[in-house]
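Some notes on the structure that comes next.
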Amino acid sequence: MHKTPLLDQLESGPYPSFVTDLKRLLPTKPQVNDLLGQLERSYKEKITHWKHGGIVGVLGYGSGIIGRYSDLPNEFPGLEHFHTMRINQPSGWFYTSAAIRELCDIWDQYGSGVLNMHGATGDIVFLGTRTEELEPCFQALARKGFDIGGSGSAMRSPSCCVGPARCEWSCYDTLEACYDITQEYQFELHRPSFPYKFKFKFSGCPNDCVASVARADCSVIGVWKDDIRIDQSAVKAYAGGELKPRGGGSPYAKLDIQADVVELCPTGCMSFDGSTLKIDNRNCNHCMHCINLMPQALRPGTETGATLLIGSHAPILEGAQMSWVIVPFMEMEPPYDNLKEIAGNIMEWWAENGKNRERVGELILRLGMRNFLEALGLPPVPQSIKIPRANPFFFWKDADFEAEAAGKKYYTTK
Amino acid sequence: MHKTPLLDQLESGPYPSFVTDLKRLLPTKPQVNDLLGQLERSYKEKITHWKHGGIVGVLGYGSGIIGRYSDLPNEFPGLEHFHTMRINQPSGWFYTSAAIRELCDIWDQYGSGVLNMHGATGDIVFLGTRTEELEPCFQALARKGFDIGGSGSAMRSPSCCVGPARCEWSCYDTLEACYDITQEYQFELHRPSFPYKFKFKFSGCPNDCVASVARADCSVIGVWKDDIRIDQSAVKAYAGGELKPRGGGSPYAKLDIQADVVELCPTGCMSFDGSTLKIDNRNCNHCMHCINLMPQALRPGTETGATLLIGSHAPILEGAQMSWVIVPFMEMEPPYDNLKEIAGNIMEWWAENGKNRERVGELILRLGMRNFLEALGLPPVPQSIKIPRANPFFFWKDADFEAEAAGKKYYTTK
Amino acid sequence: MSEEAERITDIGPPHYSKFLPPVVKDNYGKWKYHEILEPGILRHVAESGDEIFSIRVASPRILTTLQARDLAEISDKYCEGFMRFTSRHNFEFLVSDKSKLEPLKAELAQRGIPKGGTGHSITNIVHTQGWIHCHTPAIDASGVVKAVMDDLFEYFGSHQLPAQLRISLACCLNMCGAVHCSDIAILGVHRTPPHIAHDKLRHLCEIPTTIASCPTGAIRPHPDKSIKSVVVNEERCMYCGNCYTMCPAMPLFDAEKGGVALLVGGKVSNAVNPPMFSRLAVPYIPNNPPRWPETVQAIRKIVIKYAEGANKWERVGEWIQRIGWEKFFEVCDIPFTFQHIDDYRWAYDTYRTSMHFKF
Amino acid sequence: MSEEAERITDIGPPHYSKFLPPVVKDNYGKWKYHEILEPGILRHVAESGDEIFSIRVASPRILTTLQARDLAEISDKYCEGFMRFTSRHNFEFLVSDKSKLEPLKAELAQRGIPKGGTGHSITNIVHTQGWIHCHTPAIDASGVVKAVMDDLFEYFGSHQLPAQLRISLACCLNMCGAVHCSDIAILGVHRTPPHIAHDKLRHLCEIPTTIASCPTGAIRPHPDKSIKSVVVNEERCMYCGNCYTMCPAMPLFDAEKGGVALLVGGKVSNAVNPPMFSRLAVPYIPNNPPRWPETVQAIRKIVIKYAEGANKWERVGEWIQRIGWEKFFEVCDIPFTFQHIDDYRWAYDTYRTSMHFKF
Ligand code: SRM
Ligand code: SRM
Ligand code: SRM
Ligand code: SRM
Ligand code: SF4
Ligand code: SF4
Ligand code: SF4
Ligand code: SF4
Ligand code: SF4
Ligand code: SF4
Ligand code: SF4
Ligand code: SF4
């Protein structure tokens with residue numbers, strides 16, 4: 001056993017300790033002893049002891065495995081190879097105990113017994129195994145119906161919020177969309193052929209519980225077009241204090257509908273006369289605030305679908321971006337042909353024009369939105385911008401002059 | 001007389017007509033006949049008929065004259081030369097009738113008799129004369145105490161709002177500051193030696209009546225540090241409708257102090273209980289809104305001075321910029337040594353580092369704020385930013401590591 | 001003594017104090033409050049109780065010496081010869097003697113000089129040279145201003161709008177009118193890349209400076225080395241004219257393609273909201289002298305929709321911010337085009353990275 | 001038949017429907033409302049009147065198979081074996097039978113598994129690999145998370161904050177935790193330029209790709225052409241590590257100079273305000289394993305000042321927006337430095353172009 005005086009200090013305190021948990025594997029998994037030993041060393045030296053990863057994988061796939069080697073293999077032989085396998089999670093991270101046990105059985109057999117539930121992209125992460133175990137482990141997984149997720153310049157495992165499975169606000173079936181899209185792009189998931197990574201995330205409503213706007217090249221967020229459904233008797237119950245704001249999840253016992261809801265509505269489209277709540281739905285921007293605070297009184301409308309936003313990613317290279325609106329509203333019904341068509345066109349345009357390691361959001365900035373939208377056959381819509389350009393540096397194409405010759409006017413249609 | 005059927009259509013309508021006015025000069029100024037003739041031609045052809053200007057000037061000066069030649073000199077011989085002279089206006093554009101007549105006498109003698117009162121930078125613009133008239137005209141002006149303004153890569157004629165001469169809100173003496181700075185930089189005004197133009201504008205308060213934030217490389221805007229002065233009895237008079245909002249300059253007969261003032265205060269730092277108005281002055285951002293609406297009840301404080309903002313200019317090249325805060329507060333007392341020192345340092349840094357035709361605001365963006373502030377010996381202050389950086393791409397200098405070694409902490413000083 | 005030595009230079013402008021009315025000198029920096037007695041008439045009251053009246057009148061900015069002398073004469077009659085111009089090129093009679101106010105108003109009415117431009121009005125249009133003097137304009141300046149102000153005249157001499165509304169005009173992208181922060185900006189735009197006069201270029205222009213002048217890097221040396229000139233990648237040219245400023249052999253005028261763009265929603269003051277840039281509303285309106293009817297009509301539509309829709313005290317940009325740009329385009333019936341979507345520097349910051357939009 | 005032909009590939013994940021509890025299947029898409037019965041316990045009610053209870057418990061995300069089996073076992077006992085994980089890596093017991101709720105709570109209490117993470121709490125910290133698996137971290141991940149959550153534990157199992165507060169951690173600028181939109185982001189930062197192993201570089205890296213990888217253009221070919229390597233202009237390097245990702249011969253670790261930066265005020269939801277980026281609050285805190293006390297303390301200070309100062313429902317970023325960043329730095333007692341001032345792309349948009357500041 002390596003001595004781990006520093007790590008041991010992480011065993012105290014009320015939050016569950018990964019150190020305590022890892023130590024449970026010491027009797028059966030010698031590599032976990034080395035893992036703790038090397039980690040202790042990092043704690044002492046304040047430096048990582050993992051080498052730059054090499055390219056390893058399973059037969060026929062080019063992704064899903066992150067190669068990892070210790071830079072102290074002599075001291076920590078169990079870490080000579082310590083690759084992770086990304087296993088594509090089921091939509092919404094639902095499991096049965098049987099499925100969990102199958103995964104554990106496989107991982108106990110072929111790997112370290114250490115898991116990440118889940119990786120930041122959403123995969124089940126099998127943390128630490130040797131090159132020669134990768135293929136048999138994969139086969140064992142496949143026999144139980146699991147497959148490997150993405151890595152490298154490939155499609156990444158899509159993920160989604162719990163959606164219609166347990167949430168009353170979901171404007172489309174996030175779980176099915178996530179599953180269907182994942183199946184559609186199996187080839188792209190497993191065989192890196194893009195300029196860089198590409199991520200899909202599906203949220204059922206603008207609360208965006210999978211943070212898709214921040215970390216998916218393709219963010220699909222549920223939305224409604226019609227009116228917020230109101231139960232005025234429940235409104236009164238909130239006003240009277242019988243129902244607690246936010247389902248009880250706040251420190252505040254009673255809602256002041258005027259101050260807490262009406263005055264915080266970002267569009268100012270609500271009014272409350274003390275008994276009836278009115279919403280000017282044409283001016284609502286579906287921020288969800290009022291619904292969040294009064295879940296028993298308000299619900300999204302029934303003409304539902306999703307908004308397609310494109311382009312978010314972490315800071316490398318151009319600085320972080322959030323996804324922005326490309327299509328304000330689309331129907332979201334299986335087999336999602338409309339989404340697949342747009343997504344396919346995006347990938348094609350990106351594959352043709354993207355530089356190595358250029359996310360699609362960066363490419364759009366480099367080549368311009370017009371280029372992108374025209375390649376996709378999408379019209380310009382004001383919903384896609386917060387605000388029009390301030391600079392007067394804009395282009396005109398022959399198509400514009402032809403449209404003008406044919407009678408197009410910019411100042412008014414009437 | 002040239003025929004001007006198109007221009008003649010601009011003689012009708014209630015707004016004063018420049019065509020009507022120009023025609024008054026036809027009897028005495030043949031070049032004005034040509035001016036109208038060529039303008040008519042432009043109206044017909046939708047194109048300018050002025051050639052790219054040449055370099056002309058008065059002895060010893062490199063600026064202040066915009067050379068201009070017609071591209072149809074045969075047709076319009078009066079426009080063969082038609083240079084403008086920029087005459088530095090007096091602070092606040094105050095005149096006596098005597099001064100106006102002196103200017104008119106000179107211009108009738110040496111030029112076209114056509115003026116712009118004033119140019120967009122603020123100068124008196126003498127519109128149209130011949131090269132050989134420039135020097136005598138200048139001498140005649142100088143004898144009457146007037147001098148030429150700026151053009152080209154030079155200091156430009158500073159300008160200022162009416163300030164303490166007629167406005168109760170002026171937080172410093174804009175007229176004197178403008179005059180003093182203009183005198184200080186006579187050399188730089190008349191002998192272009194900068195990378196590009198440099199403009200000063202002085203506004204007495206955040207209403208910024210000379211639009212300095214939008215069109216001055218160096219914007220000096222008055223501000224107070226202490227409390228807004230309140231006359232509670234006048235507040236009551238507004239509440240009661242005896243005093244009209246905005247001094248009577250609006251369509252609204254009566255102020256609703258709660259809705260019109262308190263709720264629109266951008267910082268939410270006001271409250272009104274129906275009779276007394278309270279301001280949490282530490283949280284006021286001196287937007288002027290409340291003062292503007294209740295000029296008889298509220299006035300800026302008495303600990304006054306100015307904020308220095310740097311960098312605004314029109315869109316060429318990098319897109320338009322507004323000036324941003326560099327020094328949140330500075331005393332503004334003659335001889336303005338503090339302002340001159342900073343301005344001098346800015347010009348020196350810019351002269352050393354600026355590319356040809358690079359405004360100082362663009363240079364700061366190119367080289368970074370730290371470079372700029374360090375060159376000026378100014379500390380970083382949160383008032384200079386709206387919001388800190390979102391990207392994690394920041395630099396560390398040896399000076400920082402040395403400060404750390406000496407005990408500097410970033411997370412808290414306690 | 002040489003003649004040169006006698007020349008007076010670098011004296012700067014006269015000191016303003018020579019031009020201040022006595023009441024201003026006496027109460028300099030000691031004004032207490034002001035009132036707007038009626039459109040165009042300000043009353044400033046000093047702590048001493050003294051008062052001064054200012055009558056603001058419209059000016060086309062181009063003034064002949066004859067007109068300037070007329071104004072001086074009126075000032076002599078009613079203002080002891082004191083007057084000023086404003087930062088927006090209006091003219092102000094400075095009346096110290098209250099009894100002169102009514103006679104002055106009468107004389108102005110009789111002479112047809114309109115007063116206004118105060119408070120919630122549309123004051124004078126800050127503008128530029130246009131075809132009367134400049135070499136780069138896409139449109140005229142004074143003519144467009146006259147046409148627009150004639151049309152909006154009812155708003156100059158009244159306080160009927162929800163707030164101040166400031167219109168500016170610049171005849172090319174150099175934006176001498178600094179229109180980039182105006183409630184409504186009228187901007188002359190070219191729409192053709194420069195026509196290069198290869199034979200003249202070598203004599204008139206420095207090739208490296210010309211190349212460096214292009215914000216989008218569209219200019220390259222001529223591929224044929226024997227031709228000492230440049231070529232323009234027309235796809236990357238957005239007709240800013242900056243190369244023409246540097247090099248007279250690159251004019252970019254086109255009688256048919258030039259025209260007007262409208263930008264809206266800018267402001268300068270800090271009242272309620274911080275200063276804001278104007279934003280592209282209408283990318284192109286044909287150049288239509290002498291009265292630019294389509295431009296006039298498009299501006300009127302925006303003014304009217306603003307007047308109808310804005311809350312009390314809301315500037316144009318604040319109104320649009322509140323209702324959302326998508327609603328602005330809808331109510332003003334302006335088609336949304338590719339040109340509205342930014343693709344220059346910092347474009348990303350203009351994209352909608354949220355669900356905060358309206359259908 | 002070859003062995004390869006028998007291999008199962010590209011089957012994707014199992015269909016989620018295999019894992020849904022019957023009550024979910026029955027009421028799929030027909031939920032009506034929810035309540036949060038107490039911290040960590042959700043009750044969802046369907047239109048049919050059916051209900052499901054979810055107990056959310058903390059997870060360090062790293063789980064051994066032993067721990068995963070324990071969770072499975074508990075699920076068998078109280079949840080017919082149904083469970084899920086959340087998007088923030090908490091674990092949820094899905095209870096269909098209300099009578100199992102109290103016994104499950106008791107068992108969790110006895111096992112020391114804390115419930116919480118709902119409503120106005122500080123839920124689990126989304127985080128990354130750190131020293132346990134990655135080759136680029138400046139800090140550890142799981143250890144910092146443990147230390148911070150121990151300290152903020154009172155907020156995990158309660159609803160006492162003005163709103164939700166989401167903390168995320170990423171161990172390097174790659175930001176796998178996607179911390180760029182978090183109320184509080186803990187970020188590992190390097191502060192030294194890469195140390196180039198000139199002898200290895202030619203074998204391990206492609207020089208053009210390496211040069212292209214640098215966001216600031218700091219990398220150039222080695223001036224000595226005989227050395228097939230690169231050099232770094234250290235003045236332009238901001239230690240992002242992107243070159244190291246492309247080229248293993250350019251490590252940039254330094255035991256003493258690496259450390260923690262804190263960014264604050266980001267959010268993802270659209271509630272009231274649109275999504276916002278997190279912004280630099282503390283540029284550097286020393287790397288101090290095993291419990292990073294200065295980091296823990298700095299975060300606590302921000303949390304406490306937020307809790308004291310925010311209005312009802314205000315997220316951290318909304319609170320700061322209301323009071324102003326200058327006040328945030330003041331109340332949290334964080335010195336303002338050059339590092340806070342943006343100098344990357346779009347920096348200009350972060351400058352204060354108005355008088356809207358407080359002294
Ligand atoms: C395992 C995981 C972190 C975790 O502990 O959960 C991870 C780990 C790595 N990420 Fe990541 N990323 C992981 C989710 C993310 C996310 C979050 C997400 O997907 O929602 C992001 C931010 C969103 C995005 O895609 O931008 C993310 C942004 C990056 C980046 C920067 C990309 C950018 O455009 O800025 C890199 C750098 C790169 O690609 O070279 C990166 C690179 C890496 C590498 C491969 C390191 C490298 O430079 O080659 C890391 C391997 C670590 C290891 O040894 O295991 N990782 N990475 C996550 C994947 C697990 C899974 O499949 O579920
Ligand atoms: C006369 C005047 C317009 C007017 O009708 O009033 C004017 C006229 C010209 N301006 Fe201007 N600018 C005038 C005020 C401005 C302003 C407004 C201001 O100063 O407040 C601006 C915007 C603020 C700014 O400085 O950015 C302005 C921004 C420009 C620019 C773009 C600068 C930029 O950084 O984007 C140019 C282009 C250039 O410098 O080459 C320019 C260039 C020009 C030139 C010299 C044309 C050129 O390309 O060489 C014009 C000569 C016209 C002529 O034939 O008379 N002019 N110019 C104004 C000066 C009169 C005066 O001295 O009072
Ligand atoms: C005379 C003049 C200054 C000068 O030195 O020439 C001036 C004079 C006054 N301004 Fe101004 N402003 C003058 C140009 C401006 C400008 C500059 C511009 O338009 O280019 C601005 C910034 C405009 C912008 O934001 O785009 C300006 C923004 C203000 C404001 C803020 C209005 C707002 O709500 O945004 C006030 C406050 C108010 O009106 O209550 C103000 C208030 C005033 C007061 C009431 C100040 C006072 O106490 O005397 C003066 C009379 C206002 C009136 O006419 O209603 N002044 N004022 C300028 C008259 C221009 C004209 O002929 O129309
Ligand atoms: C279970 C989970 C979805 C999943 O598929 O796993 C989920 C579930 C719910 N979310 Fe969420 N959210 C979940 C991650 C998120 C995220 C993503 C994140 O944090 O990375 C966000 C965006 C956070 C942000 O803005 O930075 C998110 C923003 C919200 C909001 C908006 C809160 C706000 O005011 O900004 C609500 C509305 C509310 O709480 O009233 C919400 C509401 C809800 C409701 C009430 C929806 C419903 O009716 O069932 C669920 C219970 C909330 C609770 O726990 O208080 N959910 N929710 C995720 C639980 C994570 C965890 O373990 O703590
Ligand atoms: S994103 Fe919306 S639909 Fe999905 S779980 Fe969150 S609140 Fe429910
Ligand atoms: S969802 Fe948001 S914008 Fe719409 S009514 Fe509710 S609070 Fe207002
Ligand atoms: S800027 Fe302020 S001080 Fe100057 S005139 Fe305008 S309101 Fe008065
Ligand atoms: S000046 Fe502006 S911020 Fe200050 S109290 Fe008045 S309205 Fe509020
Ligand atoms: S805006 Fe352009 S065309 Fe008009 S005066 Fe200025 S430089 Fe000349
Ligand atoms: S007009 Fe502007 S964009 Fe076009 S070539 Fe000339 S400088 Fe470049
Ligand atoms: S954030 Fe950086 S160090 Fe941490 S796992 Fe991701 S790539 Fe590795
Ligand atoms: S660490 Fe980043 S900034 Fe520094 S040289 Fe490498 S890629 Fe360039």
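In the structure tokens, chains take letters A, B, ... by order of appearance, with residues numbered from 1 within each chain and ligands from 1 in the order shown.
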
Please find the residues of chain A near chain D - the criterion being any atom within 6 Å, counting only C-alpha atoms - and write them as JSON, numbers by chain. {"A": [6, 13, 14, 15, 18, 43, 46, 47, 48, 50, 51, 52, 88, 90, 91, 93, 94, 95, 96, 97, 104, 113, 114, 115, 116, 117, 120, 145, 146, 147, 164, 165, 168, 183, 186, 206, 207, 208, 210, 211, 247, 248, 249, 250, 251, 266, 287, 288, 289, 295, 296, 314, 317]}

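Every residue of chain A that lies within 9 Å of chain B is listed here, counting only C-alpha atoms: Pro315, Gly319, Ala320, Ala390, Asn391, Pro392 and Phe393 of chain A.
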
Check which residues fall inside 7 Å of ligand 8 when counting only C-alpha atoms and all ligand atoms, and print them as a list in words. Val261, Val262, Leu264, Cys265, Pro266, Thr267, Gly268, Cys269, Met270, Ile279, Asn281, Cys284, Asn285, His286, Cys287, Met288, His289, Cys290 and Ile291 of chain B; Ala271 and Val272 of chain C

Give me, as a Markdown table, the closest atom pair and its distance (Å, one decimal) for every residue of chain C within a cut-off of 10 Å of ligand 6, counting only C-alpha atoms and all ligand atoms, rows sorted by chain and rising number.
```
| residue | atom | partner | partner_atom_place_in_ligand_line | distance |
| --- | --- | --- | --- | --- |
| C:His356 | CA | ligand 6 | 3 (S) | 7.9 |
| C:Phe357 | CA | ligand 6 | 3 (S) | 9.2 |
| C:Lys358 | CA | ligand 6 | 3 (S) | 9.2 |
```

Residues from last step as file, N, CA, C and O atoms, as a PDB file, in the first residue's frame:
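Contents of selection-v1.pdb, as written:
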```pdb
ATOM      1  N   HIS C 356     -34.642  34.332 -25.382  1.00  0.00           N
ATOM      2  CA  HIS C 356     -35.380  35.584 -25.189  1.00  0.00           C
ATOM      3  C   HIS C 356     -35.748  36.257 -26.509  1.00  0.00           C
ATOM      4  O   HIS C 356     -35.230  37.300 -26.852  1.00  0.00           O
ATOM      5  N   PHE C 357     -36.630  35.619 -27.239  1.00  0.00           N
ATOM      6  CA  PHE C 357     -37.132  36.253 -28.453  1.00  0.00           C
ATOM      7  C   PHE C 357     -38.636  36.061 -28.503  1.00  0.00           C
ATOM      8  O   PHE C 357     -39.195  35.281 -27.741  1.00  0.00           O
ATOM      9  N   LYS C 358     -39.248  36.790 -29.382  1.00  0.00           N
ATOM     10  CA  LYS C 358     -40.702  36.693 -29.538  1.00  0.00           C
ATOM     11  C   LYS C 358     -41.006  36.171 -30.935  1.00  0.00           C
ATOM     12  O   LYS C 358     -40.255  36.450 -31.866  1.00  0.00           O
TER      13      LYS C 358
END
```

For CA of Ala99 in chain B and CA of Gly64 in chain B, determine how far apart the two atoms are, in Å to one decimal place. 20.3 Å

Using only C-alpha atoms, which residues sit within 8 Å of range 353-368 of chain A once same-chain residues fewer than 5 positions away are excluded, as a PDB file with C-alpha atoms, in the first residue's frame?
```pdb
ATOM      1  CA  SER A 153     -12.821  15.024 -34.112  1.00  0.00           C
ATOM      2  CA  PRO A 195     -12.746  19.148 -38.504  1.00  0.00           C
ATOM      3  CA  TYR A 196     -13.222  18.916 -34.735  1.00  0.00           C
ATOM      4  CA  LYS A 197     -15.722  17.687 -32.147  1.00  0.00           C
ATOM      5  CA  PHE A 198     -19.479  18.162 -32.606  1.00  0.00           C
ATOM      6  CA  ASP A 217     -22.483  22.825 -31.132  1.00  0.00           C
ATOM      7  CA  ILE A 310     -25.790  26.570 -33.023  1.00  0.00           C
ATOM      8  CA  GLY A 311     -22.228  27.072 -32.039  1.00  0.00           C
ATOM      9  CA  SER A 312     -21.392  26.888 -28.357  1.00  0.00           C
ATOM     10  CA  HIS A 313     -18.096  25.589 -27.051  1.00  0.00           C
ATOM     11  CA  GLU A 318     -11.578  32.112 -30.110  1.00  0.00           C
ATOM     12  CA  GLN A 321     -19.258  30.976 -27.292  1.00  0.00           C
ATOM     13  CA  SER A 323     -25.113  28.813 -29.098  1.00  0.00           C
TER      14      SER A 323
ATOM     15  CA  ASP C 343     -20.455  40.044 -39.812  1.00  0.00           C
ATOM     16  CA  ALA C 347     -20.277  40.330 -34.615  1.00  0.00           C
ATOM     17  CA  TYR C 348     -20.752  37.456 -32.215  1.00  0.00           C
TER      18      TYR C 348
END
```

Any idea what's packed within 8 Å of Tyr351 in chain D, counting only C-alpha atoms, ignoring anything in its chain fewer than 2 positions away? Could you give it as a PyMOL selection string? (chain B and resi 324-325+384-387) or (chain D and resi 347-349+353)

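Relative to atom 36 (C, counted along the ligand's line) of ligand 3, CA of Ala234 in chain B is found at 19.4 Å.
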
Please, which residues have at least one atom within 8 Å of an atom of ligand 7, using only C-alpha atoms and all ligand atoms, listed as a PyMOL selection string? chain B and resi 160-164+166-171+174+203-210+221-222

Please write the residues from the selection above to a file, keeping N, CA and C atoms, as an mmCIF file, in the first residue's frame.
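Output saved as out_32.cif:
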```cif
data_model
loop_
_atom_site.group_PDB
_atom_site.id
_atom_site.type_symbol
_atom_site.label_atom_id
_atom_site.label_comp_id
_atom_site.auth_asym_id
_atom_site.auth_seq_id
_atom_site.Cartn_x
_atom_site.Cartn_y
_atom_site.Cartn_z
ATOM 1 N N CYS B 160 -17.109 72.334 -26.596
ATOM 2 C CA CYS B 160 -17.691 72.130 -25.263
ATOM 3 C C CYS B 160 -19.150 72.532 -25.244
ATOM 4 N N CYS B 161 -19.863 72.036 -24.252
ATOM 5 C CA CYS B 161 -21.259 72.422 -24.074
ATOM 6 C C CYS B 161 -21.323 73.807 -23.440
ATOM 7 N N VAL B 162 -22.508 74.352 -23.410
ATOM 8 C CA VAL B 162 -22.716 75.711 -22.897
ATOM 9 C C VAL B 162 -22.318 75.834 -21.421
ATOM 10 N N GLY B 163 -22.385 74.710 -20.727
ATOM 11 C CA GLY B 163 -21.825 74.624 -19.383
ATOM 12 C C GLY B 163 -22.253 75.707 -18.409
ATOM 13 N N PRO B 164 -21.304 76.190 -17.596
ATOM 14 C CA PRO B 164 -21.655 77.125 -16.517
ATOM 15 C C PRO B 164 -22.193 78.451 -17.038
ATOM 16 N N ARG B 166 -24.691 78.850 -18.886
ATOM 17 C CA ARG B 166 -26.153 78.899 -18.878
ATOM 18 C C ARG B 166 -26.793 77.607 -18.401
ATOM 19 N N CYS B 167 -26.019 76.755 -17.779
ATOM 20 C CA CYS B 167 -26.634 75.488 -17.383
ATOM 21 C C CYS B 167 -26.343 75.236 -15.919
ATOM 22 N N GLU B 168 -27.342 74.871 -15.194
ATOM 23 C CA GLU B 168 -27.209 74.712 -13.741
ATOM 24 C C GLU B 168 -26.538 73.390 -13.368
ATOM 25 N N TRP B 169 -26.294 72.527 -14.344
ATOM 26 C CA TRP B 169 -25.792 71.188 -14.004
ATOM 27 C C TRP B 169 -24.295 71.005 -14.232
ATOM 28 N N SER B 170 -23.661 72.015 -14.751
ATOM 29 C CA SER B 170 -22.275 71.845 -15.163
ATOM 30 C C SER B 170 -21.381 71.576 -13.948
ATOM 31 N N CYS B 171 -20.681 70.493 -13.973
ATOM 32 C CA CYS B 171 -19.856 70.088 -12.838
ATOM 33 C C CYS B 171 -18.437 70.663 -12.912
ATOM 34 N N THR B 174 -16.656 74.087 -18.369
ATOM 35 C CA THR B 174 -16.363 73.502 -19.677
ATOM 36 C C THR B 174 -15.765 74.528 -20.628
ATOM 37 N N SER B 203 -18.030 68.060 -21.870
ATOM 38 C CA SER B 203 -19.431 68.189 -21.467
ATOM 39 C C SER B 203 -19.480 68.374 -19.955
ATOM 40 N N GLY B 204 -20.379 69.212 -19.516
ATOM 41 C CA GLY B 204 -20.407 69.547 -18.100
ATOM 42 C C GLY B 204 -21.052 68.514 -17.204
ATOM 43 N N CYS B 205 -21.825 67.599 -17.787
ATOM 44 C CA CYS B 205 -22.482 66.582 -16.963
ATOM 45 C C CYS B 205 -22.807 65.379 -17.843
ATOM 46 N N PRO B 206 -23.278 64.294 -17.239
ATOM 47 C CA PRO B 206 -23.512 63.071 -18.021
ATOM 48 C C PRO B 206 -24.589 63.171 -19.100
ATOM 49 N N ASN B 207 -25.290 64.294 -19.201
ATOM 50 C CA ASN B 207 -26.190 64.441 -20.353
ATOM 51 C C ASN B 207 -25.384 64.569 -21.651
ATOM 52 N N ASP B 208 -24.183 65.014 -21.520
ATOM 53 C CA ASP B 208 -23.223 65.032 -22.618
ATOM 54 C C ASP B 208 -23.747 65.739 -23.867
ATOM 55 N N CYS B 209 -24.054 67.028 -23.687
ATOM 56 C CA CYS B 209 -24.672 67.787 -24.774
ATOM 57 C C CYS B 209 -23.752 68.079 -25.956
ATOM 58 N N VAL B 210 -22.463 67.767 -25.886
ATOM 59 C CA VAL B 210 -21.657 67.812 -27.125
ATOM 60 C C VAL B 210 -21.336 66.416 -27.643
ATOM 61 N N ILE B 221 -16.151 64.492 -19.183
ATOM 62 C CA ILE B 221 -17.568 64.640 -18.823
ATOM 63 C C ILE B 221 -17.688 64.930 -17.335
ATOM 64 N N GLY B 222 -18.393 65.999 -17.021
ATOM 65 C CA GLY B 222 -18.538 66.410 -15.632
ATOM 66 C C GLY B 222 -19.306 65.403 -14.790
#
```

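Counting only C-alpha atoms and comparing D:Met355, D:Val264, D:Ile167, D:Cys243, the residue that lies closest to chain C is D:Met355.
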
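When only C-alpha atoms and all ligand atoms are used to measure the gap to ligand 9, the shortest distance among B:His81, B:Arg299, B:His190, B:His49 belongs to B:His49.
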
Using only C-alpha atoms, determine which residues lie at most 9 Å from Leu36 in chain A, disregarding the query and same-chain residues fewer than 3 positions distant; provide the list as number ranges by chain. A: 2-4, 7, 19, 22-23, 31-33, 39-41; D: 132

Keeping C-alpha atoms, export the residues of the selection given above as a compact mmCIF listing (two decimals), in the first residue's frame.
```
# COMPACT_ATOMS: atom_id res chain seq x y z
CA HIS A 2 1.26 3.47 -0.87
CA LYS A 3 1.10 5.98 1.94
CA THR A 4 -1.38 8.78 1.19
CA LEU A 7 -5.35 12.24 0.32
CA VAL A 19 -10.85 8.72 -1.53
CA LEU A 22 -11.51 4.31 -3.97
CA LYS A 23 -9.88 2.68 -0.98
CA GLN A 31 -3.92 -0.51 -9.92
CA VAL A 32 -6.12 1.55 -7.62
CA ASN A 33 -3.34 1.44 -5.06
CA LEU A 39 -2.38 11.05 -7.04
CA GLU A 40 -0.71 11.53 -3.65
CA ARG A 41 2.47 12.32 -5.50
CA ILE D 132 -6.58 11.54 -11.48
```
